[in-house]
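> Take a look at the following structure, please.
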Amino acid sequence: MPEATLLANPVKKQIRIALRNCGVINPETIDEYIGKDGYFALGKVLTGLTPAEAIKVIKDSGIRGRGGAGFPTGLKWEFASKNNSDQKYVVCNADEGDPGAFMDRSILEGDPHSVLEAMALCGYCIGANTGYIYIRAEYPLAIERLKIAISQAREYGFLGNSVFGTGFDFDIHLKYGAGAFVCGEETSLIHSMEGLRGEPTLKPPFPAESGYLGKPTNVNNVETYANIPVIFLKGAAWFSGIGTEKSKGTKVFALAGKVNNVGLIEVPMGVTLREVIYEIGGGIRDGKAFKAVQTGGPSGGCLTEKDLDIPIDYENLIACGSMMGSGGMIVMDEDDCMVSIAKFFLDFSVEESCGKCSPCRIGNKRLYELLERICTGKGEMKDIDRLRNLSEVIKDTSLCGLGQSSPNPVLSTLDNFYHEYISHVEDKKCTAGVCRDLMEYFIVEDNCVGCTACARACPVGAITGERKEIHLINLEICIKCGACMEKCKFDAVILK
Amino acid sequence: MSSVKIELRKDQTDKIHTICDSFGNQEGELINVLHKSQETFGYLPAEVQELIAEKLEISAAKVYGVVTFYSFFSMTPKGEFPISICTGTACYVRGAETVLNEFKKQLEMEVGETRTDGKFSLSCLRCVGACGLAPVVQVGDKTYGRVAPDDVKGIIEEYLPAGL
Amino acid sequence: MNLVKLTIDGKKVEVPAGTTIYKAAKELGIDIPILCYMDLKDLNIENKPGGCRICSVEVEGRKNLAPSCSTDVAEGMEVRTNTMRVINARRTVMELIISDHPKDCLSCAKSGSCDLQDMAIRLGIREIPGQEYAEMSTYRLDTSPSIIRDLDKCIMCRRCETMCNDFQTVGALHAVNRGFQAVVAPAFEMNLEHSPCTYCGQCVAVCPTGALTEVDHTGKVIAALNDPSKTVVVQTAPAVRAALGEEFGMKAGTLVTGKMVTALRQLGFDYVFDTDFAADLTIMEEGAELLGRLTRFLEGDKDVKLPILTSCCPGWVNFFEYNFPEMKEIPSTARSPQQMFGSIAKSYFAEKIEIDRKDMVVVSIMPCLAKKYECQREEFMVDGNPDVDISISTRELAHLIKQANLDLVRMDEEDFDKPMGESSGAGVIFGVTGGVIEAATRTAYEIYTGKSLEKVDFEQLRGVDGIRSASVDFDGQEINIGIAHGLRNARKLLEEIKEGKSHYHAIEIMACPGGCIGGGGQPLHHGDASILKARTKAIYEEDRNKPIRKSHENPYIKKLYEEFLGEPLSEKAHELLHTHYFDKRKKIFQV
């Protein structure tokens, strides 16, 4: 597997905190991490701060979970610390499952020690001596580097018994995910760690109260942890100085799609989508027109031109009908059909639904079927109403975050691209030229030389024309198999 | 449901027992045990799952319930050259679907299948983190970037020079 | 106790902390619809996956709707169970569930007693939008000897999974697959026959739809009754008479013995006999076996296997054959009353009325689904002719009676036929937990001590706890007795034996809650222990009213030994009344 593309575009908009060491240090050498002040934060906190003081730093920094929902990290730690128990756990969610995001993998491959250090810090704060990294089995390089990093950290006394000689014990083990997007949900992840089906359970109880093996457990994702050591080193005030009023620090995005520059970027909260797409991303490829940008992956929504100047933060994205999610950012141009995009995401949600609750298990399937109908020209206006009602009920009644957000791509495209739905349903047209069933084959007169290849290829005899004369496709007979287009050597057959 | 009945050899049952033992025969380690077993056998036939259930003292139904929950676990052997098409969002937007369709057409098989000659299996995967190279195809450990439908024939022929 | 105040639909209520919204609403008389939720509170089993989402309600200040079955109340909470948002959501979710459910209600075994159907009626479902292009999840139909799994009808409530794993620790069923294809099934989605299923039927008893039902054999019974060349003999298990009335709207615990006999006669059975007769016979054989082992043990014989385990419950027999095959020498070799009955009916009785066993059809009415499997076991056949031809459940009998336009409630009361209809009170109490061992004790005591019992009621053996232990004084010799009902509890006693920690001389085990009265073939009790208690009471009442209370005093049993069997454990008794067990563990997955 190739290493992830880190977008090294030297534009001033980027600030590297979570990705600070990625591509800079050799991730397999702990000394290089130490050379970048690695494990200094751990030493400083263990020897200088009480757990309560350390939690206060995190709270004051204003950092929020980078995995999706944006829950304040300090508060989460505080809950876990206040629940008394003989045993507590620190868990790192590295089961990155968003089909367009790979920042966690980059951090684990490029800077594994930052996550280990942060987990130890968290362990100290909440009173846990065991940590688990729940990592996707599909990330062999990240696993390898984590293993190396853990053994080096143990060797150096940063993990294991009496870290820094302070009497604080902390060690980290790996647990492997096995390909279930729903395991991004904390309760599912914990069940999976316990060797069970990764089905979510209702919260409360929250993991901070009853998590892994029924013990208080703190779960954060990789990117969140990667920020922690720096916050302790540079201070809460420094961190909270970056970003917007309610969203502090930076966010890593996986910029992809129809922009010129694609890859991982890390920008301060509050930059605009326009700055990301045009300044960092270098604008739309091939000079095409911007159509939408999808954030938040399968749980997110599609934003349009009107949203491009809104500062990116948790609240603003939700207000426009999308969400931060784990940081996927897919740019779409005029050639993308928004109904198909919604269908693409629903396909994902149908496949990833765990099946435990009926709105998500059956509802997403029905949403997909409705979109499929619309994309194949069978849609009716009442289907659009059903899409909306079904979406709202699924959001309102699903058990976990997956179902509560899976209709977002439908709702946001309905809001922002209603006209595309209408043209699919009423005019039976896909203006972006994506939905094959809504398109027809034509012969371009200027290009046709009358070679008869297309007519001979046509299995239903829909093409007529004399040799050396312009041919014609009878659309009533045509079954849209595309055989004519394949056979034509003169680009005379087009689909539109 | 497993269609092929296989007979585990003594060394194979021993291997599974060793794997289970290495995780202390703990019920909670089921997923790790399954990972290791799949690494060893290439897939998780029913017989292997039964053996694991017996060793960890849990029901075979539970083991099967876990195996069928996670897409990483497979009950059919992969082909000699497993072909995976990334259908992550970036690859999708850049035409992964047409590439996938081309593979299906050329190989005359569906996603999730292994060809009867055992040469190829076809699967989709979600984001390999190489969005810059979208659309991406992997055959075994080899990665192909910016794949167009026209490239598909060539890729297949690399593994089967004599033709299909 | 910490009390919490909240309002539901504008009404104030105060409930203990930890109460769910659903239960708090119940206090106010507000019945929030539920589907997957199941509270078998008296069995300590609660199924609340929060999966169906039918019970969703609106909670002030909460972004989405809350599942009331699994959301705890909080101080000052304002709950609305009937806003248009809630009603729309509930209906829409219900439409979704039905969109993936077959619409063949007319021929569905559960029609009329289906929770999903009731809910559709309650929510006024009329059409399913988009049904014509909605894909349905489909599965292979699985017909086992006792249970039919039609998973197309599964709504993933997970009740069966809870019963099979948490209550019975059988582990035959588990949630498998993911998303739209998720369903509850045996390992590798094989048939139940290739799973550790014991056919206890507790999954059938809780299934809210027609996904899990008993194999219906009423058609076979009708065919047999319609065949003039066959002599059709029926036997009725003790627990049936204490529950059958419920199917006809009678109060739980109403004994309908005489009415049932009349109904069976009117249905056309040639001989209406009682399984209780065979229960008395079981006591003669099992009691003799117990005394034999006990005496040898007390005389210092090290090879003797104790405790002896009862073997009347076919679900339990299936359970140990799969889970504890290494201990298959421990249970009594006595066949169950159903099989003893069949065996004697087709030998002794057939000879008496001078017909060939092949011309006799023995039908059993059982509170049990495992009996269907038991009567099909090869060891209970002679030249391929089964001792018991057809076994139907209490529910199936109710259907038969209704089909024949018979009004059980107004039926006259008649007596069983002789000789195999005569029984003692000991035979009757086979239907409740503790009953078999009490019956055995009554006989074993008198034979062992040579004294007559002053009091035949052994109160110390009765009760509802899942595991009970008691000791009985056999004239100076303490006999330790263990009792378990529910296979989870049975497993515990078995583990003790395996570890050599068991101090019991005899153990009685029944697979179902409360014993046969809570069997998988009984009218549905929905976990209401008051129903189980009422049935138990009825059984003990029948026992008290019997002129004969001890098996060995049943004159027809005595006659049977005199005329035919000789004595308990005789060669003939061994041939006809005893069996042996198999190691099923290895066989399970072999297709």
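Convention: chains lettered A, B, ... in structure tokens order; per-chain residue numbering from 1; ligands numbered from 1 as shown.
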Enumerate as a list in words the residues belonging to chain A that approach chain B to within 7 Å, with only C-alpha atoms taken into account.
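Matching residues, ligands excluded from the count: Met1, Pro2, Ala4, Thr5, Pro99, Gly100, Ala101, Phe102, Tyr176, Ala178, Gly179, Ala180, Glu194, Gly195, Leu196, Arg197, Ala256, Gly257, Val262, Gly263 and Ile330 of chain A.
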> What lies within 7 Å of segment 25-30 of chain A using only C-alpha atoms, ignoring chain neighbours under 2 positions off, as a list of chain:residue names?
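Skipping anything fewer than 2 positions along the chain leaves A:Asn21, A:Cys22, A:Gly23, A:Glu32, A:Tyr33, A:Ile34, A:Glu109, A:Gly110, A:Asp111, A:Pro112, A:Arg145, A:Ile148, A:Ala149, A:Gln152.
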> Based on only C-alpha atoms, which of the residues in chain C come within 10 Å of chain B? I want them as a tab-separated table (two decimals) with N, CA, C and O atoms, in the first residue's frame.

chain	number	residue	atom	x	y	z
C	165	ASN	N	-29.58	-18.18	24.55
C	165	ASN	CA	-28.24	-18.00	25.12
C	165	ASN	C	-28.27	-17.67	26.61
C	165	ASN	O	-27.64	-18.35	27.41
C	169	THR	N	-28.66	-21.15	27.82
C	169	THR	CA	-27.23	-21.41	27.54
C	169	THR	C	-27.04	-22.54	26.51
C	169	THR	O	-26.08	-23.28	26.59
C	170	VAL	N	-27.97	-22.62	25.59
C	170	VAL	CA	-27.88	-23.66	24.56
C	170	VAL	C	-26.96	-23.20	23.43
C	170	VAL	O	-26.16	-23.96	22.91
C	171	GLY	N	-27.06	-21.91	23.08
C	171	GLY	CA	-26.15	-21.38	22.07
C	171	GLY	C	-26.41	-21.88	20.66
C	171	GLY	O	-25.49	-21.92	19.85
C	172	ALA	N	-27.64	-22.26	20.38
C	172	ALA	CA	-27.94	-22.69	19.00
C	172	ALA	C	-28.13	-21.49	18.10
C	172	ALA	O	-27.82	-21.54	16.92
C	173	LEU	N	-28.64	-20.41	18.64
C	173	LEU	CA	-28.98	-19.25	17.83
C	173	LEU	C	-28.10	-18.05	18.17
C	173	LEU	O	-27.72	-17.85	19.32
C	174	HIS	N	-27.81	-17.25	17.16
C	174	HIS	CA	-27.06	-16.02	17.38
C	174	HIS	C	-27.36	-15.08	16.22
C	174	HIS	O	-27.69	-15.54	15.13
C	175	ALA	N	-27.23	-13.80	16.47
C	175	ALA	CA	-27.36	-12.84	15.38
C	175	ALA	C	-26.22	-13.09	14.40
C	175	ALA	O	-25.07	-13.23	14.81
C	176	VAL	N	-26.53	-13.17	13.13
C	176	VAL	CA	-25.50	-13.36	12.12
C	176	VAL	C	-25.69	-12.35	10.99
C	176	VAL	O	-26.75	-11.73	10.87
C	177	ASN	N	-24.68	-12.19	10.20
C	177	ASN	CA	-24.65	-11.24	9.09
C	177	ASN	C	-24.80	-9.81	9.60
C	177	ASN	O	-24.90	-9.57	10.79
C	178	ARG	N	-24.87	-8.88	8.63
C	178	ARG	CA	-24.89	-7.48	9.01
C	178	ARG	C	-25.92	-6.76	8.16
C	178	ARG	O	-26.23	-7.20	7.06
C	179	GLY	N	-26.42	-5.66	8.69
C	179	GLY	CA	-27.29	-4.78	7.92
C	179	GLY	C	-28.57	-5.47	7.50
C	179	GLY	O	-29.19	-6.21	8.26
C	182	ALA	N	-28.99	-9.07	8.23
C	182	ALA	CA	-28.82	-9.54	9.61
C	182	ALA	C	-30.05	-10.34	10.03
C	182	ALA	O	-31.18	-9.97	9.73
C	183	VAL	N	-29.80	-11.43	10.74
C	183	VAL	CA	-30.88	-12.31	11.14
C	183	VAL	C	-30.36	-13.18	12.29
C	183	VAL	O	-29.16	-13.22	12.53
C	184	VAL	N	-31.26	-13.83	12.99
C	184	VAL	CA	-30.82	-14.73	14.06
C	184	VAL	C	-30.85	-16.16	13.51
C	184	VAL	O	-31.87	-16.59	12.96
C	185	ALA	N	-29.74	-16.85	13.62
C	185	ALA	CA	-29.64	-18.17	12.98
C	185	ALA	C	-28.61	-19.04	13.69
C	185	ALA	O	-27.79	-18.55	14.45
C	186	PRO	N	-28.65	-20.35	13.42
C	186	PRO	CA	-27.59	-21.23	13.92
C	186	PRO	C	-26.28	-20.98	13.18
C	186	PRO	O	-26.26	-20.30	12.15
C	187	ALA	N	-25.22	-21.54	13.69
C	187	ALA	CA	-23.90	-21.40	13.06
C	187	ALA	C	-23.97	-21.80	11.59
C	187	ALA	O	-24.61	-22.78	11.24
C	188	PHE	N	-23.32	-21.01	10.77
C	188	PHE	CA	-23.19	-21.26	9.33
C	188	PHE	C	-24.55	-21.32	8.64
C	188	PHE	O	-24.68	-21.86	7.55
C	189	GLU	N	-25.54	-20.74	9.33
C	189	GLU	CA	-26.91	-20.71	8.80
C	189	GLU	C	-27.38	-22.10	8.38
C	189	GLU	O	-28.13	-22.26	7.42
C	190	MET	N	-26.92	-23.07	9.11
C	190	MET	CA	-27.38	-24.43	8.84
C	190	MET	C	-28.73	-24.63	9.51
C	190	MET	O	-29.21	-23.78	10.24
C	195	SER	N	-27.44	-28.11	14.73
C	195	SER	CA	-27.00	-27.16	15.75
C	195	SER	C	-27.19	-27.82	17.11
C	195	SER	O	-27.76	-28.91	17.21
C	196	PRO	N	-26.73	-27.18	18.17
C	196	PRO	CA	-26.94	-27.76	19.50
C	196	PRO	C	-28.38	-27.58	20.01
C	196	PRO	O	-28.63	-27.77	21.20
C	589	PHE	N	-22.47	-31.01	13.28
C	589	PHE	CA	-22.27	-30.24	12.06
C	589	PHE	C	-22.13	-31.10	10.81
C	589	PHE	O	-21.86	-30.60	9.75
C	590	GLN	N	-22.30	-32.41	10.97
C	590	GLN	CA	-22.14	-33.24	9.80
C	590	GLN	C	-23.41	-33.23	8.97
C	590	GLN	O	-24.43	-33.73	9.39
C	591	VAL	N	-23.28	-32.63	7.82
C	591	VAL	CA	-24.48	-32.47	6.98
C	591	VAL	C	-24.73	-33.75	6.20
C	591	VAL	O	-23.81	-34.34	5.68
> Pull out every residue of chain A sitting within 7 Å of chain C, counting only C-alpha atoms, and send them as a list in words.
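Every residue meeting the condition is included here: Val350, Glu351, Glu352, Ser353, Cys354, Gly355, Lys356, Cys357, Ser358, Pro359, Arg361, Ile362, Gly363, Arg366, Val393, Asp396 and Thr397 of chain A.
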> Would you list, as JSON, numbers by chain, the residues of segment 426-514 of chain C that end up in helix (DSSP H, G or I) under DSSP run on this structure's backbone?
{"C": [426, 427, 428, 429, 430, 431, 435, 436, 437, 438, 439, 440, 441, 442, 443, 444, 445, 446, 447, 448, 449, 459, 460, 461, 487, 488, 489, 490, 491, 492, 493, 494, 495, 496, 497, 498]}
